[in-house]
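Okay, upload_9.json is below, JSON, C-alpha atoms:
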[["chain", "number", "residue", "atom", "x", "y", "z"],
["A", 619, "PHE", "CA", 19.55, 1.89, -6.32],
["A", 620, "LEU", "CA", 16.60, 4.10, -7.08],
["A", 621, "TYR", "CA", 16.89, 6.19, -3.95],
["A", 622, "ILE", "CA", 20.27, 7.55, -5.08],
["A", 623, "LEU", "CA", 18.41, 9.38, -7.84],
["A", 624, "LEU", "CA", 15.94, 11.03, -5.48],
["A", 625, "SER", "CA", 16.09, 14.33, -3.63],
["A", 626, "ILE", "CA", 16.13, 12.96, -0.10],
["A", 627, "ILE", "CA", 17.49, 14.28, 3.19],
["A", 628, "THR", "CA", 18.08, 11.78, 5.98],
["A", 629, "ILE", "CA", 18.81, 12.77, 9.58],
["A", 630, "MET", "CA", 19.91, 9.64, 11.42],
["A", 631, "ASN", "CA", 20.76, 8.40, 14.89],
["A", 632, "SER", "CA", 21.37, 4.82, 15.98],
["A", 633, "THR", "CA", 17.75, 3.64, 15.78],
["A", 634, "SER", "CA", 15.69, 6.08, 13.71],
["A", 635, "SER", "CA", 15.78, 8.65, 10.96],
["A", 636, "ILE", "CA", 13.65, 11.40, 9.50],
["A", 637, "ARG", "CA", 13.48, 11.13, 5.74],
["A", 638, "SER", "CA", 12.24, 14.16, 3.82],
["A", 639, "LEU", "CA", 10.44, 13.53, 0.54],
["A", 640, "ASP", "CA", 9.39, 16.16, -1.99],
["A", 641, "VAL", "CA", 6.00, 15.24, -3.45],
["A", 642, "SER", "CA", 4.02, 17.51, -5.74],
["A", 643, "ASN", "CA", 3.74, 20.86, -3.94],
["A", 644, "PHE", "CA", 4.56, 19.63, -0.43],
["A", 645, "THR", "CA", 7.29, 17.92, 1.57],
["A", 646, "LEU", "CA", 6.80, 14.96, 3.89],
["A", 647, "ASP", "CA", 9.04, 14.33, 6.90],
["A", 648, "ILE", "CA", 8.75, 10.64, 7.72],
["A", 649, "GLU", "CA", 10.18, 8.94, 10.77],
["A", 650, "GLN", "CA", 11.65, 5.49, 10.19],
["A", 651, "ASP", "CA", 12.45, 2.96, 12.91],
["A", 652, "PHE", "CA", 15.54, 0.87, 12.28],
["A", 653, "SER", "CA", 15.36, -0.82, 15.68],
["A", 654, "SER", "CA", 12.15, -2.65, 14.82],
["A", 655, "PRO", "CA", 12.23, -6.22, 13.47],
["A", 656, "SER", "CA", 9.40, -5.19, 11.15],
["A", 657, "HIS", "CA", 10.70, -4.46, 7.64],
["A", 658, "GLY", "CA", 7.74, -2.14, 7.13],
["A", 659, "ASN", "CA", 9.13, 0.52, 9.46],
["A", 660, "ILE", "CA", 11.43, 1.94, 6.80],
["A", 661, "ILE", "CA", 10.75, 3.45, 3.39],
["A", 662, "TRP", "CA", 11.40, 1.11, 0.48],
["A", 663, "ASP", "CA", 11.93, 2.08, -3.17],
["A", 664, "SER", "CA", 8.51, 0.80, -4.23],
["A", 665, "THR", "CA", 6.95, 3.24, -1.76],
["A", 666, "LEU", "CA", 8.74, 6.14, -3.42],
["A", 667, "VAL", "CA", 7.55, 5.09, -6.87],
["A", 668, "LEU", "CA", 3.96, 4.77, -5.66],
["A", 669, "ILE", "CA", 4.00, 8.14, -3.87],
["A", 670, "LYS", "CA", 5.11, 9.87, -7.04],
["A", 671, "TYR", "CA", 2.46, 8.02, -9.06],
["A", 672, "LEU", "CA", -0.33, 9.00, -6.68],
["A", 673, "GLY", "CA", 0.90, 12.51, -6.01],
["A", 674, "GLU", "CA", 1.82, 13.79, -9.42],
["A", 675, "ASN", "CA", 0.53, 11.45, -12.13],
["A", 676, "LYS", "CA", -1.75, 12.92, -14.77],
["A", 677, "ARG", "CA", -3.95, 9.81, -14.48],
["A", 678, "PHE", "CA", -5.46, 11.34, -11.36],
["A", 679, "SER", "CA", -7.04, 14.71, -11.99],
["A", 680, "SER", "CA", -6.99, 17.47, -9.39],
["A", 681, "GLY", "CA", -9.35, 16.54, -6.58],
["A", 682, "TYR", "CA", -9.65, 12.93, -7.76],
["A", 683, "PHE", "CA", -9.25, 11.48, -4.24],
["A", 684, "LYS", "CA", -11.29, 14.19, -2.49],
["A", 685, "ASN", "CA", -14.47, 12.19, -2.03],
["A", 686, "LYS", "CA", -12.94, 8.72, -2.13],
["A", 687, "SER", "CA", -13.12, 6.13, 0.62],
["A", 688, "ILE", "CA", -9.64, 4.60, 0.91],
["A", 689, "ILE", "CA", -7.97, 1.89, 2.99],
["A", 690, "GLU", "CA", -4.25, 1.16, 3.05],
["A", 691, "LEU", "CA", -3.06, -2.28, 4.17],
["A", 692, "GLY", "CA", 0.42, -2.93, 5.56],
["A", 693, "ALA", "CA", 1.14, 0.79, 5.75],
["A", 694, "GLY", "CA", 4.47, 0.64, 7.60],
["A", 695, "THR", "CA", 5.54, 4.23, 8.24],
["A", 696, "GLY", "CA", 2.18, 5.46, 6.92],
["A", 697, "VAL", "CA", 3.82, 7.61, 4.27],
["A", 698, "ILE", "CA", 1.52, 6.59, 1.39],
["A", 699, "GLY", "CA", -1.66, 7.28, 3.34],
["A", 700, "ILE", "CA", -0.19, 10.55, 4.61],
["A", 701, "CYS", "CA", 0.59, 11.55, 1.04],
["A", 702, "LEU", "CA", -3.04, 10.88, 0.07],
["A", 703, "ALA", "CA", -4.33, 12.83, 3.07],
["A", 704, "LYS", "CA", -2.18, 15.80, 2.06],
["A", 705, "ILE", "CA", -3.65, 15.64, -1.43],
["A", 706, "GLY", "CA", -7.16, 15.42, 0.04],
["A", 707, "VAL", "CA", -9.39, 12.38, 0.60],
["A", 708, "GLY", "CA", -12.95, 11.66, 1.68],
["A", 709, "SER", "CA", -12.07, 9.07, 4.33],
["A", 710, "LEU", "CA", -8.88, 7.13, 4.87],
["A", 711, "ILE", "CA", -7.90, 4.19, 7.06],
["A", 712, "ILE", "CA", -4.18, 3.57, 7.50],
["A", 713, "SER", "CA", -3.60, 0.08, 8.90],
["A", 714, "ASP", "CA", -0.83, -2.27, 9.97],
["A", 715, "LEU", "CA", 0.06, -4.50, 12.89],
["A", 716, "ASP", "CA", -0.72, -3.12, 16.33],
["A", 717, "LYS", "CA", 2.99, -2.67, 17.13],
["A", 718, "VAL", "CA", 3.48, -0.50, 14.03],
["A", 719, "CYS", "CA", 0.55, 1.87, 14.63],
["A", 720, "PRO", "CA", 2.40, 4.18, 17.09],
["A", 721, "LEU", "CA", 4.94, 5.00, 14.36],
["A", 722, "ILE", "CA", 2.12, 5.74, 11.92],
["A", 723, "GLN", "CA", 0.46, 7.97, 14.52],
["A", 724, "ARG", "CA", 3.67, 9.96, 15.06],
["A", 725, "ASN", "CA", 4.09, 10.48, 11.32],
["A", 726, "VAL", "CA", 0.47, 11.55, 10.90],
["A", 727, "LYS", "CA", 0.89, 14.16, 13.63],
["A", 728, "LEU", "CA", 4.21, 15.29, 12.17],
["A", 729, "ASN", "CA", 2.85, 15.88, 8.67],
["A", 730, "LEU", "CA", -0.90, 16.58, 8.76],
["A", 731, "ASN", "CA", -2.78, 19.55, 10.15],
["A", 732, "SER", "CA", -5.92, 19.06, 12.24],
["A", 733, "SER", "CA", -8.24, 19.34, 9.25],
["A", 734, "GLN", "CA", -6.29, 16.71, 7.30],
["A", 735, "GLN", "CA", -6.11, 14.44, 10.35],
["A", 736, "SER", "CA", -9.88, 14.54, 10.70],
["A", 737, "SER", "CA", -10.25, 12.40, 7.57],
["A", 738, "VAL", "CA", -7.72, 9.79, 8.78],
["A", 739, "SER", "CA", -8.19, 6.78, 11.07],
["A", 740, "ILE", "CA", -5.38, 4.47, 12.17],
["A", 741, "PHE", "CA", -6.35, 0.87, 12.86],
["A", 742, "PRO", "CA", -4.39, -2.24, 13.85],
["A", 743, "TYR", "CA", -5.35, -4.93, 11.37],
["A", 744, "LEU", "CA", -4.30, -8.51, 10.66],
["A", 745, "TRP", "CA", -4.83, -9.78, 7.13],
["A", 746, "HIS", "CA", -7.58, -12.41, 6.95],
["A", 747, "SER", "CA", -9.28, -10.97, 10.03],
["A", 748, "GLY", "CA", -12.44, -9.66, 8.38],
["A", 749, "SER", "CA", -13.43, -6.08, 7.69],
["A", 750, "PHE", "CA", -13.06, -2.85, 9.61],
["A", 751, "PRO", "CA", -15.93, -1.39, 11.66],
["A", 752, "SER", "CA", -18.40, -0.01, 9.12],
["A", 753, "SER", "CA", -18.52, 3.24, 11.06],
["A", 754, "SER", "CA", -14.81, 3.80, 10.44],
["A", 755, "PHE", "CA", -15.02, 4.39, 6.69],
["A", 756, "LYS", "CA", -17.45, 5.32, 3.97],
["A", 757, "GLU", "CA", -18.84, 2.30, 2.14],
["A", 758, "PRO", "CA", -18.52, 1.12, -0.53],
["A", 759, "LEU", "CA", -14.73, 1.22, -0.53],
["A", 760, "ASP", "CA", -13.42, 3.14, -3.54],
["A", 761, "ILE", "CA", -9.69, 2.44, -3.33],
["A", 762, "LEU", "CA", -7.55, -0.16, -1.56],
["A", 763, "VAL", "CA", -3.82, 0.61, -1.48],
["A", 764, "ILE", "CA", -1.15, -2.05, -0.91],
["A", 765, "CYS", "CA", 2.59, -1.51, -1.23],
["A", 766, "ASP", "CA", 5.34, -4.13, -1.07],
["A", 767, "CYS", "CA", 3.23, -6.64, 0.86],
["A", 768, "VAL", "CA", 3.81, -9.71, -1.33],
["A", 769, "TYR", "CA", 6.35, -11.88, 0.47],
["A", 770, "GLU", "CA", 7.83, -15.30, -0.19],
["A", 771, "ASN", "CA", 5.53, -16.90, 2.37],
["A", 772, "LYS", "CA", 2.55, -18.29, 0.44],
["A", 773, "LEU", "CA", 0.35, -18.31, 3.52],
["A", 774, "MET", "CA", 0.76, -14.55, 3.74],
["A", 775, "TRP", "CA", -0.32, -14.18, 0.07],
["A", 776, "LYS", "CA", -3.48, -16.05, 0.87],
["A", 777, "GLN", "CA", -4.15, -13.98, 3.98],
["A", 778, "LEU", "CA", -3.61, -10.79, 1.97],
["A", 779, "ALA", "CA", -5.90, -12.04, -0.80],
["A", 780, "SER", "CA", -8.56, -12.90, 1.79],
["A", 781, "SER", "CA", -8.55, -9.29, 2.98],
["A", 782, "MET", "CA", -8.54, -7.96, -0.56],
["A", 783, "ILE", "CA", -11.66, -10.01, -1.32],
["A", 784, "GLN", "CA", -13.45, -9.12, 1.91],
["A", 785, "LEU", "CA", -12.74, -5.38, 1.78],
["A", 786, "SER", "CA", -13.37, -4.72, -1.91],
["A", 787, "SER", "CA", -16.44, -4.54, -4.08],
["A", 788, "PHE", "CA", -16.34, -5.31, -7.79],
["A", 789, "ASP", "CA", -15.87, -1.57, -8.39],
["A", 790, "THR", "CA", -13.04, -1.06, -5.91],
["A", 791, "ASP", "CA", -9.77, 0.03, -7.51],
["A", 792, "ILE", "CA", -6.99, -1.91, -5.79],
["A", 793, "ILE", "CA", -3.66, -0.17, -6.35],
["A", 794, "LEU", "CA", -0.78, -2.51, -5.59],
["A", 795, "ALA", "CA", 2.91, -1.62, -5.88],
["A", 796, "GLN", "CA", 5.55, -4.29, -5.59],
["A", 797, "GLU", "CA", 9.29, -4.70, -6.00],
["A", 798, "PHE", "CA", 10.14, -7.94, -7.81],
["A", 799, "ARG", "CA", 12.82, -9.75, -5.81],
["A", 800, "GLY", "CA", 13.05, -12.91, -7.89],
["A", 801, "GLY", "CA", 12.11, -15.39, -5.17],
["A", 802, "LYS", "CA", 8.98, -17.40, -4.45],
["A", 803, "ASP", "CA", 7.05, -14.12, -4.37],
["A", 804, "MET", "CA", 7.06, -14.19, -8.18],
["A", 805, "GLU", "CA", 4.58, -17.10, -8.06],
["A", 806, "PHE", "CA", 1.98, -14.76, -6.57],
["A", 807, "TRP", "CA", 1.12, -13.21, -9.92],
["A", 808, "ASP", "CA", -0.21, -16.43, -11.45],
["A", 809, "TRP", "CA", -1.74, -17.62, -8.19],
["A", 810, "ILE", "CA", -3.90, -14.48, -7.78],
["A", 811, "LYS", "CA", -5.39, -14.56, -11.31],
["A", 812, "PRO", "CA", -8.51, -16.61, -10.48],
["A", 813, "TYR", "CA", -9.43, -14.00, -7.87],
["A", 814, "PHE", "CA", -8.52, -10.71, -9.55],
["A", 815, "ASP", "CA", -7.91, -9.24, -12.96],
["A", 816, "TYR", "CA", -4.98, -6.86, -12.99],
["A", 817, "SER", "CA", -2.92, -4.71, -15.31],
["A", 818, "ARG", "CA", 0.47, -3.10, -14.85],
["A", 819, "VAL", "CA", 0.91, 0.64, -15.22],
["A", 820, "PRO", "CA", 3.32, 1.23, -18.13],
["A", 821, "ASN", "CA", 6.63, 2.83, -17.21],
["A", 822, "ASP", "CA", 5.77, 5.61, -19.65],
["A", 823, "ASP", "CA", 2.97, 6.60, -17.26],
["A", 824, "LEU", "CA", 5.34, 6.80, -14.29],
["A", 825, "ASP", "CA", 7.69, 9.60, -13.34],
["A", 826, "ASP", "CA", 10.80, 9.69, -15.54],
["A", 827, "ILE", "CA", 13.09, 9.26, -12.53],
["A", 828, "TRP", "CA", 10.90, 7.59, -9.91],
["A", 829, "GLN", "CA", 10.60, 4.25, -11.71],
["A", 830, "SER", "CA", 12.40, 0.95, -12.17],
["A", 831, "ASP", "CA", 11.81, -2.19, -14.24],
["A", 832, "ASP", "CA", 12.01, -4.10, -10.95],
["A", 833, "ILE", "CA", 9.10, -2.17, -9.42],
["A", 834, "GLY", "CA", 5.57, -2.51, -10.76],
["A", 835, "ILE", "CA", 2.37, -0.63, -10.01],
["A", 836, "PHE", "CA", -0.81, -2.56, -10.74],
["A", 837, "HIS", "CA", -4.54, -1.90, -10.75],
["A", 838, "PHE", "CA", -6.59, -4.89, -9.58],
["A", 839, "LYS", "CA", -10.33, -5.55, -9.93],
["A", 840, "LYS", "CA", -12.08, -8.41, -8.16],
["A", 841, "ARG", "CA", -13.40, -11.05, -10.55],
["A", 842, "LYS", "CA", -17.10, -11.80, -10.36],
["A", 843, "ASP", "CA", -16.34, -15.48, -10.94],
["A", 844, "HIS", "CA", -13.58, -15.74, -8.33],
["A", 845, "PRO", "CA", -13.33, -18.92, -6.24],
["A", 846, "SER", "CA", -15.37, -18.78, -3.06],
["A", 847, "LEU", "CA", -13.97, -16.94, -0.06],
["A", 848, "ASP", "CA", -14.98, -19.92, 2.10],
["A", 849, "SER", "CA", -12.66, -22.23, 0.18],
["A", 850, "LEU", "CA", -9.78, -19.77, 0.49],
["A", 851, "CYS", "CA", -10.43, -19.33, 4.22],
["A", 852, "LYS", "CA", -10.42, -23.10, 4.73],
["A", 853, "GLU", "CA", -7.14, -23.34, 2.81],
["A", 854, "ILE", "CA", -5.64, -20.65, 5.04],
["A", 855, "ASP", "CA", -6.93, -22.19, 8.25],
["A", 856, "ASP", "CA", -5.63, -25.63, 7.25],
["A", 857, "SER", "CA", -2.18, -24.16, 6.60],
["A", 858, "SER", "CA", -1.99, -22.10, 9.81]]

What would you get if you wrote out this structure as structure tokens?
Amino acid sequence: FLYILLSIITIMNSTSSIRSLDVSNFTLDIEQDFSSPSHGNIIWDSTLVLIKYLGENKRFSSGYFKNKSIIELGAGTGVIGICLAKIGVGSLIISDLDKVCPLIQRNVKLNLNSSQQSSVSIFPYLWHSGSFPSSSFKEPLDILVICDCVYENKLMWKQLASSMIQLSSFDTDIILAQEFRGGKDMEFWDWIKPYFDYSRVPNDDLDDIWQSDDIGIFHFKKRKDHPSLDSLCKEIDDSS
């Protein structure tokens, strides 16, 4: 497993742990919740690969995120958004289900000073539920971040795609990291092509240690000729 190769300290009790991650020139202490039925309340390997990519990759110059408007979907512990806030962002929304947001809030308070917190908003958000309040982030959206949110349930793919379409402009850089688990989730990559063009970041551009052939990082751009959102919404509503 990838995490064996990483410099990680875990302090555990029966239901939770604090996992310390060294990123760039700072350390994050992230609470995980093992008592929750939500799989997003722990840190997965794909998260670690993405953090290293965002935090230390030469693709992103110093200050690259400083004036960017960013939303993260399905944030889980909030660690990716917290990493970006530590680096410095223009505005950032960290979102997940309502029941997950208290964990995100605790991790934000644990890791970010008041100045860094001022650029961060935490919102409960269901995929396929429209946009966020326009007052909550700077439009147009520059970056949409998604990590390990492609599941075997096809309805959830469609709900995620609906949000990706609604939240992004044609210039939005959608950064999606995913562990390939070899199930029905593998069908997602062909299914999404009419809606988005995407390319995988070569392993040579990832950290020498924080990478795996089973984990991909992709940059998506919305296609100008994508099928209508109305047709996708009807498909989702008919399947719900």

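The nearest approach to Arg637 of chain A among the residues A:Ser749, A:Ser846, A:Gln784, A:Thr695, with only C-alpha atoms taken into account, belongs to A:Thr695.
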
Exercise for review: Please provide as a list in words all residues within 9 Å of Ala779 of chain A, with the sequence filter that same-chain residues fewer than 4 positions apart are discarded (counting only C-alpha atoms).
Suggested key: Trp745, His746, Met774, Trp775, Ile783, Gln784, Ile810, Tyr813 and Leu850 of chain A

Practice item. Please identify all polymer residues within 10 Å of Gln723 of chain A, counting only C-alpha atoms, omitting same-chain residues fewer than 2 positions from it, and present them as a ChimeraX atom specification. Key: /A:695-696,712,718-721,725-728,739-741

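Take the candidates A:Ser642, A:Gln796, A:Ser857, A:Ser713 and check each one against Ser664 of chain A using all atoms listed in the file; the shortest distance goes to A:Gln796.
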
Revision key, fill the gap. Between atom CA of Phe836 of chain A and atom CA of Phe788 of chain A lies a distance of 16.0 Å

Exercise for review: Mind checking which residues fall within 12 Å of Leu730 of chain A, counting all atoms listed in the file, ignoring those fewer than 2 positions away in the same chain, and posting them as an NGL selection string?
Suggested key: :A and (644-648 or 696-697 or 699-706 or 722-728 or 732-738)

Specify the axis-aligned box that encloses all atoms of segment 641-660 of chain A listed in the file after padding of 8 Å on each side, stating its centre and edge lengths in Å to one decimal as AutoDock Vina command-line options.
--center_x 9.6 --center_y 7.3 --center_z 5.0 --size_x 27.8 --size_y 43.1 --size_z 37.4

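Using only C-alpha atoms, the shortest contact distance between Ile636 of chain A and any of A:Ser709, A:Asn729, A:Gln829, A:Ser687 is found at A:Asn729.
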
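Proximity ranking of A:Lys676, A:Asn685, A:Phe798, A:Ala693 relative to Ile660 of chain A places A:Ala693 first, based on all atoms listed in the file.
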
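Nearest residue to Pro758 of chain A among A:Lys840, A:Lys686, A:Lys776, A:Arg818 is A:Lys686, counting only C-alpha atoms.
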
Practice item. Neighbourhood query: residues within 10 Å of (2.1, -10.5, -4.9), file coordinates, counting all atoms listed in the file; return as a list in words. Key: Ile764, Cys765, Asp766, Cys767, Val768, Tyr769, Glu770, Lys772, Met774, Trp775, Lys776, Leu778, Ala779, Leu794, Ala795, Gln796, Glu797, Phe798, Lys802, Asp803, Met804, Glu805, Phe806, Trp807, Asp808, Trp809 and Ile810 of chain A

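If all atoms listed in the file are the atoms counted, then among A:Leu773, A:Ser653, A:Val707, A:Phe683 the closest residue to Ser858 of chain A is A:Leu773.
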
Practice item. Between atom CA of Leu666 of chain A and atom CA of Asp760 of chain A, measure the distance and give it in Å to one decimal. Key: 22.4 Å

Point to revise | Exercise: residues within 7 Å of coordinate (3.9, 10.1, -2.4), counting all atoms listed in the file, as a ChimeraX atom specification | key: /A:641,666,668-670,672-673,698,701

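In this structure, atom CA of Lys684 of chain A sits 20.1 Å away from atom CA of Leu785 of chain A.
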
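Within 9 Å of Tyr671 of chain A, once only C-alpha atoms are used and residues closer than 6 positions along the same chain are dropped, the contacting residues are A:Arg677, A:Phe678, A:Asp823, A:Leu824, A:Asp825, A:Trp828, A:Ile835.
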